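Q: One file is attached below, query-v4.txt, containing compact mmCIF, C-alpha atoms.
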```txt
# COMPACT_ATOMS: atom_id res chain seq x y z
CA MET A 212 -38.39 10.93 -63.70
CA ASP A 213 -38.82 9.39 -60.21
CA VAL A 214 -38.17 12.36 -57.94
CA ARG A 215 -38.42 10.24 -54.82
CA GLN A 216 -35.46 8.20 -56.05
CA LEU A 217 -33.55 11.46 -56.38
CA TRP A 218 -34.48 12.40 -52.80
CA LEU A 219 -33.14 9.05 -51.58
CA ARG A 220 -29.77 10.04 -53.03
CA PHE A 221 -29.36 13.57 -51.72
CA GLU A 222 -31.07 13.16 -48.32
CA PRO A 223 -28.28 11.02 -46.76
CA TYR A 224 -25.66 13.56 -47.84
CA HIS A 225 -27.67 16.35 -46.22
CA ASP A 226 -28.42 14.41 -43.03
CA VAL A 227 -24.82 14.47 -41.82
CA THR A 228 -25.70 18.05 -40.82
CA TYR A 229 -27.32 16.96 -37.57
CA PHE A 230 -26.98 13.38 -36.45
CA THR A 231 -23.28 12.55 -36.44
CA PRO A 232 -20.62 12.62 -33.69
CA GLU A 233 -18.94 15.51 -35.50
CA SER A 234 -22.13 17.57 -35.51
CA ARG A 235 -22.77 16.86 -31.83
CA ALA A 236 -19.18 17.78 -30.93
CA ALA A 237 -19.50 21.08 -32.81
CA THR A 238 -22.70 22.09 -31.01
CA ASP A 239 -21.41 20.87 -27.64
CA ALA A 240 -18.40 23.14 -28.18
CA LEU A 241 -20.79 26.06 -28.63
CA GLY A 242 -22.33 25.26 -25.25
CA CYS A 243 -25.59 23.64 -26.36
CA LYS A 244 -27.52 21.78 -23.67
CA GLY A 245 -28.18 18.50 -25.44
CA GLY A 246 -28.45 17.29 -28.99
CA TRP A 247 -31.89 18.75 -29.69
CA MET A 248 -30.79 22.29 -28.87
CA GLY A 249 -27.98 21.72 -31.34
CA TYR A 250 -30.40 20.39 -33.96
CA PHE A 251 -32.81 23.30 -33.72
CA GLY A 252 -29.95 25.82 -33.68
CA LEU A 253 -28.21 24.28 -36.69
CA ARG A 254 -31.31 23.88 -38.81
CA ALA A 255 -32.95 27.19 -37.91
CA ALA A 256 -29.77 29.30 -38.10
CA PRO A 257 -30.26 30.27 -41.78
CA LEU A 258 -33.47 32.03 -40.67
CA GLY A 259 -31.57 34.19 -38.18
CA ALA A 260 -32.55 34.31 -34.50
CA ALA A 261 -35.98 32.89 -35.26
CA SER A 262 -38.66 32.67 -32.58
CA ARG A 263 -39.89 29.34 -31.30
CA GLU A 264 -43.25 30.06 -32.94
CA LEU A 265 -41.71 30.56 -36.37
CA VAL A 266 -39.55 27.45 -36.09
CA THR A 267 -42.51 25.37 -34.92
CA ALA A 268 -44.46 26.59 -37.94
CA VAL A 269 -41.83 25.90 -40.59
CA PHE A 270 -40.51 22.62 -39.12
CA TYR A 271 -44.19 21.60 -38.88
CA ASN A 272 -44.23 18.18 -37.21
CA PHE A 273 -42.50 19.00 -33.92
CA ALA A 274 -44.65 19.64 -30.86
CA PRO A 275 -44.37 23.27 -29.77
CA ARG A 276 -43.08 22.22 -26.35
CA LYS A 277 -40.12 20.39 -27.88
CA VAL A 278 -39.09 23.47 -29.84
CA ALA A 279 -39.57 25.64 -26.75
CA ARG A 280 -37.00 23.59 -24.83
CA ALA A 281 -34.36 24.72 -27.32
CA LEU A 282 -35.48 28.15 -28.56
CA PRO A 283 -34.92 30.98 -27.99
CA ASP A 284 -32.32 29.75 -25.46
CA ALA A 285 -30.08 28.50 -28.26
CA TRP A 286 -29.57 32.09 -29.44
CA GLU A 287 -28.27 32.97 -25.98
CA VAL A 288 -25.74 30.13 -26.24
CA ALA A 289 -24.50 31.20 -29.68
CA SER A 290 -25.52 33.49 -32.51
CA PRO A 291 -27.01 32.11 -35.73
CA ALA A 292 -23.71 32.95 -37.46
CA GLU A 293 -21.83 30.84 -34.91
CA PHE A 294 -24.26 27.97 -35.46
CA LEU A 295 -23.67 28.22 -39.20
CA ARG A 296 -19.90 28.01 -38.68
CA ALA A 297 -20.36 25.01 -36.36
CA ARG A 298 -22.68 23.39 -38.89
CA LEU A 299 -20.09 23.58 -41.64
CA GLU A 300 -17.37 22.31 -39.30
CA GLY A 301 -19.46 19.28 -38.31
CA VAL A 302 -20.44 18.52 -41.90
CA ASP A 303 -16.84 18.71 -43.07
CA GLY A 304 -15.65 16.32 -40.36
CA ALA A 305 -18.49 13.86 -40.91
CA LEU A 306 -18.07 13.73 -44.69
CA ARG A 307 -14.32 13.23 -44.42
CA ARG A 308 -14.84 10.33 -42.02
CA LEU A 309 -17.70 8.67 -43.88
CA LEU A 310 -16.34 9.08 -47.41
CA GLY A 311 -12.65 8.59 -46.67
CA THR A 312 -11.60 11.06 -49.33
CA VAL A 313 -13.48 14.10 -50.53
CA ASP A 314 -11.02 15.40 -53.10
CA THR A 315 -12.23 13.45 -56.14
CA PRO A 316 -13.24 14.36 -59.71
CA GLU A 317 -16.61 12.72 -59.11
CA ILE A 318 -17.44 14.98 -56.16
CA THR A 319 -16.29 18.04 -58.09
CA GLU A 320 -18.58 17.08 -60.98
CA LEU A 321 -21.44 16.30 -58.61
CA ALA A 322 -21.07 19.67 -56.90
CA ALA A 323 -21.55 21.44 -60.24
CA LEU A 324 -24.58 19.32 -61.18
CA ALA A 325 -26.20 19.69 -57.78
CA ARG A 326 -25.61 23.43 -57.71
CA ASP A 327 -27.39 23.85 -61.04
CA ALA A 328 -30.31 21.80 -59.71
CA ALA A 329 -30.40 23.67 -56.40
CA GLU A 330 -30.39 27.05 -58.08
CA ALA A 331 -33.48 25.93 -60.02
CA ALA A 332 -35.26 24.65 -56.89
CA PRO A 333 -38.43 26.62 -56.08
CA ILE A 334 -38.12 28.96 -53.09
CA ALA A 335 -41.40 30.91 -53.33
CA GLY A 336 -43.40 29.97 -50.24
CA ARG A 337 -40.48 27.83 -49.07
CA PRO A 338 -38.81 29.65 -46.17
CA LEU A 339 -36.13 27.10 -45.27
CA ALA A 340 -35.10 26.63 -48.88
CA ALA A 341 -34.95 30.39 -49.45
CA ALA A 342 -32.93 31.00 -46.27
CA ASN A 343 -30.39 28.32 -47.14
CA ARG A 344 -30.05 29.46 -50.73
CA ALA A 345 -29.26 32.98 -49.51
CA LEU A 346 -26.14 31.71 -47.70
CA PRO A 347 -22.71 31.88 -49.36
CA TRP A 348 -21.64 28.81 -51.31
CA PRO A 349 -18.70 26.95 -49.74
CA ASP A 350 -15.57 26.81 -51.88
CA GLU A 351 -14.65 23.15 -51.36
CA PRO A 352 -16.58 20.84 -53.73
CA HIS A 353 -17.67 18.34 -51.04
CA LEU A 354 -19.15 21.21 -49.00
CA ALA A 355 -20.67 22.89 -52.05
CA LEU A 356 -22.35 19.54 -52.81
CA TRP A 357 -23.67 19.42 -49.25
CA HIS A 358 -25.00 22.98 -49.54
CA ALA A 359 -26.80 22.09 -52.77
CA CYS A 360 -28.27 18.94 -51.21
CA THR A 361 -29.47 21.02 -48.26
CA ILE A 362 -31.25 23.51 -50.53
CA LEU A 363 -32.84 20.66 -52.49
CA ARG A 364 -33.85 18.91 -49.28
CA GLU A 365 -35.42 21.98 -47.68
CA SER A 366 -37.18 22.94 -50.90
CA ARG A 367 -38.74 19.49 -51.03
CA GLY A 368 -39.54 19.63 -47.32
CA ASP A 369 -41.19 23.03 -47.56
CA GLY A 370 -43.25 21.72 -50.47
CA HIS A 371 -44.25 18.73 -48.35
CA VAL A 372 -45.47 21.03 -45.58
CA ALA A 373 -47.51 22.98 -48.13
CA ALA A 374 -49.06 19.72 -49.37
CA LEU A 375 -49.93 18.66 -45.83
CA VAL A 376 -51.60 21.99 -45.15
CA ALA A 377 -53.48 21.90 -48.46
CA HIS A 378 -54.79 18.41 -47.69
CA GLY A 379 -55.78 19.34 -44.14
CA VAL A 380 -53.29 17.01 -42.45
CA GLY A 381 -52.05 18.48 -39.18
CA PRO A 382 -48.55 18.10 -37.68
CA CYS A 383 -49.25 15.31 -35.19
CA GLN A 384 -51.77 13.70 -37.52
CA ALA A 385 -49.15 13.47 -40.27
CA LEU A 386 -46.81 11.58 -37.94
CA ALA A 387 -49.53 9.24 -36.71
CA LEU A 388 -50.59 8.39 -40.27
CA TYR A 389 -46.98 7.93 -41.38
CA ALA A 390 -46.17 5.70 -38.42
CA ARG A 391 -49.15 3.47 -39.14
CA GLU A 392 -48.40 3.30 -42.87
CA HIS A 393 -44.72 2.40 -42.33
CA SER A 394 -45.17 0.22 -39.23
CA LEU A 395 -43.12 2.59 -37.07
CA ASP A 396 -43.30 2.41 -33.28
CA PRO A 397 -45.74 5.14 -32.13
CA ALA A 398 -43.84 5.60 -28.86
CA TYR A 399 -40.61 6.22 -30.77
CA MET A 400 -42.29 8.69 -33.11
CA ARG A 401 -43.96 10.57 -30.25
CA ALA A 402 -40.67 10.86 -28.40
CA ALA A 403 -38.79 11.96 -31.53
CA ARG A 404 -41.17 14.87 -32.09
CA GLY A 405 -42.37 15.62 -28.57
CA TRP A 406 -46.08 14.73 -28.68
CA THR A 407 -47.97 13.20 -25.75
CA GLU A 408 -49.89 9.95 -26.02
CA GLU A 409 -53.15 11.86 -25.59
CA GLU A 410 -52.29 14.26 -28.41
CA TRP A 411 -51.30 11.34 -30.59
CA GLU A 412 -54.57 9.48 -30.01
CA ALA A 413 -56.61 12.62 -30.67
CA ALA A 414 -54.74 13.24 -33.93
CA ASP A 415 -54.84 9.66 -35.21
CA LEU A 416 -57.50 10.44 -37.83
CA PRO A 417 -57.97 9.36 -41.44
CA GLY A 418 -56.03 11.30 -44.05
CA ASP A 419 -54.83 10.88 -47.61
CA LEU A 420 -51.06 10.60 -47.28
CA ALA A 421 -50.77 9.13 -50.76
CA ALA A 422 -52.19 12.34 -52.23
CA VAL A 423 -49.78 14.37 -50.08
CA GLU A 424 -46.81 12.36 -51.34
CA ARG A 425 -47.91 12.78 -54.96
CA ALA A 426 -48.21 16.53 -54.46
CA THR A 427 -44.82 16.62 -52.73
CA ASP A 428 -43.13 14.80 -55.61
CA GLU A 429 -44.79 16.99 -58.21
CA ALA A 430 -43.69 20.15 -56.39
CA ALA A 431 -40.11 18.83 -56.25
CA ARG A 432 -39.80 18.12 -59.97
CA ALA A 433 -38.61 21.54 -61.21
CA PRO A 434 -34.87 21.28 -60.33
CA TRP A 435 -34.48 18.06 -62.28
CA GLU A 436 -36.46 19.26 -65.27
CA ALA A 437 -34.12 22.26 -65.36
CA LEU A 438 -31.09 20.00 -65.09
CA GLY A 439 -32.34 17.78 -67.93
CA GLY A 440 -32.60 14.03 -68.30
CA GLN A 441 -28.99 13.29 -69.23
CA ARG A 442 -27.45 15.40 -66.48
CA THR A 443 -29.96 14.06 -63.95
CA GLU A 444 -28.96 10.50 -64.84
CA ARG A 445 -25.33 11.49 -64.38
CA PHE A 446 -26.20 12.91 -60.95
CA VAL A 447 -27.85 9.61 -60.03
CA ASP A 448 -24.90 7.54 -61.22
CA LEU A 449 -22.38 9.59 -59.26
CA MET A 450 -24.50 10.20 -56.16
CA THR A 451 -25.66 6.64 -55.54
CA PRO A 452 -22.35 5.22 -54.23
CA LEU A 453 -21.88 8.26 -51.97
CA ALA A 454 -25.39 7.94 -50.56
CA LEU A 455 -24.86 4.24 -49.90
CA ARG A 456 -21.50 4.80 -48.23
CA ILE A 457 -22.88 7.53 -45.99
CA ALA A 458 -26.03 5.59 -45.15
CA SER A 459 -23.98 2.49 -44.30
CA GLY A 460 -21.76 4.45 -41.91
CA ASN A 461 -24.26 6.85 -40.35
CA GLU A 462 -26.23 5.30 -37.49
CA ALA A 463 -29.04 7.84 -37.96
CA MET A 464 -29.81 6.24 -41.32
CA ARG A 465 -30.74 2.94 -39.66
CA VAL A 466 -33.58 4.16 -37.43
CA ASN A 467 -35.20 7.51 -38.17
CA PRO A 468 -38.68 9.10 -38.16
CA MET A 469 -38.66 9.28 -41.98
CA ALA A 470 -38.43 5.47 -42.23
CA LEU A 471 -35.59 6.18 -44.64
CA ASP A 472 -33.40 3.17 -45.43
CA PRO A 473 -31.20 4.04 -48.42
CA VAL A 474 -29.10 0.89 -48.13
CA ARG A 475 -32.19 -1.23 -48.76
CA GLU A 476 -34.09 1.09 -51.08
CA LEU A 477 -31.23 2.02 -53.39
CA ALA A 478 -30.48 -1.65 -53.93
CA VAL A 479 -33.89 -2.09 -55.58
CA PRO A 480 -33.68 -1.86 -59.39
CA GLY A 481 -36.09 0.30 -61.28
CA TRP A 482 -34.51 3.73 -61.61
CA ASN A 483 -35.34 5.25 -64.96
CA THR A 484 -35.99 8.70 -66.32
```
For the file at hand, write its structure as C-alpha cells.

A:
Amino acid sequence: MDVRQLWLRFEPYHDVTYFTPESRAATDALGCKGGWMGYFGLRAAPLGAASRELVTAVFYNFAPRKVARALPDAWEVASPAEFLRARLEGVDGALRRLLGTVDTPEITELAALARDAAEAAPIAGRPLAAANRALPWPDEPHLALWHACTILRESRGDGHVAALVAHGVGPCQALALYAREHSLDPAYMRAARGWTEEEWEAADLPGDLAAVERATDEAARAPWEALGGQRTERFVDLMTPLALRIASGNEAMRVNPMALDPVRELAVPGWNT
C-alpha cells in the first residue's frame, strides 16, 4: 500500500481550506489583515485561542516571527469559533466552484470511506489531528469528505513533525534540505515560511530526509490498514478524478512549498496495493 499515493489524493481536497479566493474572502470578511493572518487563524482555530508559541511548535517549519505577525492578534479580530465558521464557508464555496457539482453518489460514498479512515487515524501525540477530529462532522457529504481529509492530512503532518524531531532535523533545516532535494527556489521557500537568508544558511546542514519520509509514511499507514485493501482501492478510484479536478483549478497546487504537483504525479502509473 503506497501511502504517499493516498496523500496525493486527499491533500488537494484539504488544501482548498486556505489558498482559494473563497477562503480569502471569508477571512477578509472577518477583518483579517492579510492572507497569512487568515491562514494561521483558520488552521489553528481547532486548537482554540492558541498562543503564538504553541502554533509555532505544532506547525513546525514556520519562523516564529511569521507566526507572531498573525497571532495572537487574529483572536482579537475573531474568535476561534468564528474562524471555524469562516473556514467551512470558504471550503464550501471553493469546492462548489472547483467541482461544479457536489451532490453526487460518488462523493457520498467517498465521504463514508474517508470518515472510516479518518476515525482510525492516530491522534496520540498528534495535536492538530486530535483537535480537528474533536470538531463536529458536517452534514453535507462534500464537507464531511473535506473534514475527513483534513483529519487524515493533519494526522500525517503531525507524524511528519515527530519524524523530523526524532531524526534531529530542525524547522529551517527541513525546508533547506527539501528545497535542495526538489530544486525549489530558496528565496521562495524562505519567504513562504519567514526565515532570513542568514538563518537559512546556518541551517543548511546534512540530514536524512529519506529516513524521515519513510518514517512519515509508516506512521500514516494505520487508517488504510483499518479501511482494508478493497475499500482503500475504491477510495483511490473515486478520489483521483476529484483530486485532479481540484489541482487543475486551484492555483496554489501549481507552485507550493510542498513541491506538490498532483496533475503530474497522479498521471504516473504504478498505483497498487

Q: Please report the interatomic distance between CA of Ala285 (chain A) and CA of Leu253 (chain A) in Å with one decimal.

A: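 So the two atoms, CA of Ala285 (chain A) and CA of Leu253 (chain A), lie 9.6 Å apart.
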
Q: With distances taken over only C-alpha atoms, which residue among A:Ile334, A:Val302, A:Arg391, A:Lys277 lies nearest Pro349 (chain A)?

A: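 Smallest separation from Pro349 (chain A) among the options: A:Val302.
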
Q: Could you tell me which of A:Met469, A:Cys383, A:Ala325, A:Ile457 comes closest to Leu217 (chain A) if we count all atoms listed in the file?

A: A:Ala325

Q: Go through A:Ala256, A:Ala331, A:Ala402, A:Val214 and flag the residue nearest Asp428 (chain A), using only C-alpha atoms for the distances.

A: A:Val214

Q: Counting only C-alpha atoms, find the residues whose atoms lie at most 12 Å from (-30.4, 18.0, -47.1) (file coordinates) and write them out as a VMD selection string.

A: chain A and resid 217 to 229 254 302 325 329 339 to 340 343 354 to 369 454

Q: Can those selected residues be exported to a file as a PDB file, in the frame of the given file so that it contains C-alpha atoms?

A:
```pdb
ATOM      1  CA  LEU A 217     -33.550  11.460 -56.380  1.00  0.00           C
ATOM      2  CA  TRP A 218     -34.480  12.400 -52.800  1.00  0.00           C
ATOM      3  CA  LEU A 219     -33.140   9.050 -51.580  1.00  0.00           C
ATOM      4  CA  ARG A 220     -29.770  10.040 -53.030  1.00  0.00           C
ATOM      5  CA  PHE A 221     -29.360  13.570 -51.720  1.00  0.00           C
ATOM      6  CA  GLU A 222     -31.070  13.160 -48.320  1.00  0.00           C
ATOM      7  CA  PRO A 223     -28.280  11.020 -46.760  1.00  0.00           C
ATOM      8  CA  TYR A 224     -25.660  13.560 -47.840  1.00  0.00           C
ATOM      9  CA  HIS A 225     -27.670  16.350 -46.220  1.00  0.00           C
ATOM     10  CA  ASP A 226     -28.420  14.410 -43.030  1.00  0.00           C
ATOM     11  CA  VAL A 227     -24.820  14.470 -41.820  1.00  0.00           C
ATOM     12  CA  THR A 228     -25.700  18.050 -40.820  1.00  0.00           C
ATOM     13  CA  TYR A 229     -27.320  16.960 -37.570  1.00  0.00           C
ATOM     14  CA  ARG A 254     -31.310  23.880 -38.810  1.00  0.00           C
ATOM     15  CA  VAL A 302     -20.440  18.520 -41.900  1.00  0.00           C
ATOM     16  CA  ALA A 325     -26.200  19.690 -57.780  1.00  0.00           C
ATOM     17  CA  ALA A 329     -30.400  23.670 -56.400  1.00  0.00           C
ATOM     18  CA  LEU A 339     -36.130  27.100 -45.270  1.00  0.00           C
ATOM     19  CA  ALA A 340     -35.100  26.630 -48.880  1.00  0.00           C
ATOM     20  CA  ASN A 343     -30.390  28.320 -47.140  1.00  0.00           C
ATOM     21  CA  LEU A 354     -19.150  21.210 -49.000  1.00  0.00           C
ATOM     22  CA  ALA A 355     -20.670  22.890 -52.050  1.00  0.00           C
ATOM     23  CA  LEU A 356     -22.350  19.540 -52.810  1.00  0.00           C
ATOM     24  CA  TRP A 357     -23.670  19.420 -49.250  1.00  0.00           C
ATOM     25  CA  HIS A 358     -25.000  22.980 -49.540  1.00  0.00           C
ATOM     26  CA  ALA A 359     -26.800  22.090 -52.770  1.00  0.00           C
ATOM     27  CA  CYS A 360     -28.270  18.940 -51.210  1.00  0.00           C
ATOM     28  CA  THR A 361     -29.470  21.020 -48.260  1.00  0.00           C
ATOM     29  CA  ILE A 362     -31.250  23.510 -50.530  1.00  0.00           C
ATOM     30  CA  LEU A 363     -32.840  20.660 -52.490  1.00  0.00           C
ATOM     31  CA  ARG A 364     -33.850  18.910 -49.280  1.00  0.00           C
ATOM     32  CA  GLU A 365     -35.420  21.980 -47.680  1.00  0.00           C
ATOM     33  CA  SER A 366     -37.180  22.940 -50.900  1.00  0.00           C
ATOM     34  CA  ARG A 367     -38.740  19.490 -51.030  1.00  0.00           C
ATOM     35  CA  GLY A 368     -39.540  19.630 -47.320  1.00  0.00           C
ATOM     36  CA  ASP A 369     -41.190  23.030 -47.560  1.00  0.00           C
ATOM     37  CA  ALA A 454     -25.390   7.940 -50.560  1.00  0.00           C
TER      38      ALA A 454
END
```

Q: So which residues touch Gly249 (chain A) within 10 Å, counting only C-alpha atoms, skipping near sequence neighbours fewer than 6 positions away, as a tab-separated table (two decimals) with C-alpha atoms, in the coordinates of the input?

A:
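Below you can see result-v1.tsv, which holds the result:
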```
chain	number	residue	atom	x	y	z
A	229	TYR	CA	-27.32	16.96	-37.57
A	230	PHE	CA	-26.98	13.38	-36.45
A	234	SER	CA	-22.13	17.57	-35.51
A	235	ARG	CA	-22.77	16.86	-31.83
A	236	ALA	CA	-19.18	17.78	-30.93
A	237	ALA	CA	-19.50	21.08	-32.81
A	238	THR	CA	-22.70	22.09	-31.01
A	239	ASP	CA	-21.41	20.87	-27.64
A	241	LEU	CA	-20.79	26.06	-28.63
A	242	GLY	CA	-22.33	25.26	-25.25
A	243	CYS	CA	-25.59	23.64	-26.36
A	255	ALA	CA	-32.95	27.19	-37.91
A	281	ALA	CA	-34.36	24.72	-27.32
A	285	ALA	CA	-30.08	28.50	-28.26
A	294	PHE	CA	-24.26	27.97	-35.46
A	297	ALA	CA	-20.36	25.01	-36.36
A	298	ARG	CA	-22.68	23.39	-38.89
```

Q: Can you find the residues with an atom no farther than 9 Å from (-42.8, 17.3, -32.3), counting all atoms listed in the file, and report them as a list in words?

A: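 Output of the proximity query reads Thr267, Phe270, Tyr271, Asn272, Phe273, Ala274, Pro275, Arg276, Lys277, Val278, Pro382, Cys383, Leu386, Met400, Arg401, Ala402, Ala403, Arg404, Gly405 and Trp406 of chain A.
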
Q: Quick one: distance from CA of Asp350 (chain A) to CA of Ala305 (chain A) in Å, one decimal?

A: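 Between these atoms lies a distance of 17.2 Å.
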
Q: Which residues of region 293-330 of chain A come within 8 Å of region 430-434 of chain A, and what is each one's closest atom pair and distance in Å (one decimal), counting only C-alpha atoms, sorted by chain and residue number, as JSON lines?

A:
```
{"residue": "A:Asp327", "atom": "CA", "partner": "A:Pro434", "partner_atom": "CA", "distance": 7.9}
{"residue": "A:Ala328", "atom": "CA", "partner": "A:Pro434", "partner_atom": "CA", "distance": 4.6}
{"residue": "A:Ala329", "atom": "CA", "partner": "A:Pro434", "partner_atom": "CA", "distance": 6.4}
{"residue": "A:Glu330", "atom": "CA", "partner": "A:Pro434", "partner_atom": "CA", "distance": 7.6}
```

Q: For those residues, write C-alpha atoms to a file as a PDB file, keeping the file's coordinate frame.

A:
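That gives us again.pdb:
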```pdb
ATOM      1  CA  ASP A 327     -27.390  23.850 -61.040  1.00  0.00           C
ATOM      2  CA  ALA A 328     -30.310  21.800 -59.710  1.00  0.00           C
ATOM      3  CA  ALA A 329     -30.400  23.670 -56.400  1.00  0.00           C
ATOM      4  CA  GLU A 330     -30.390  27.050 -58.080  1.00  0.00           C
TER       5      GLU A 330
END
```
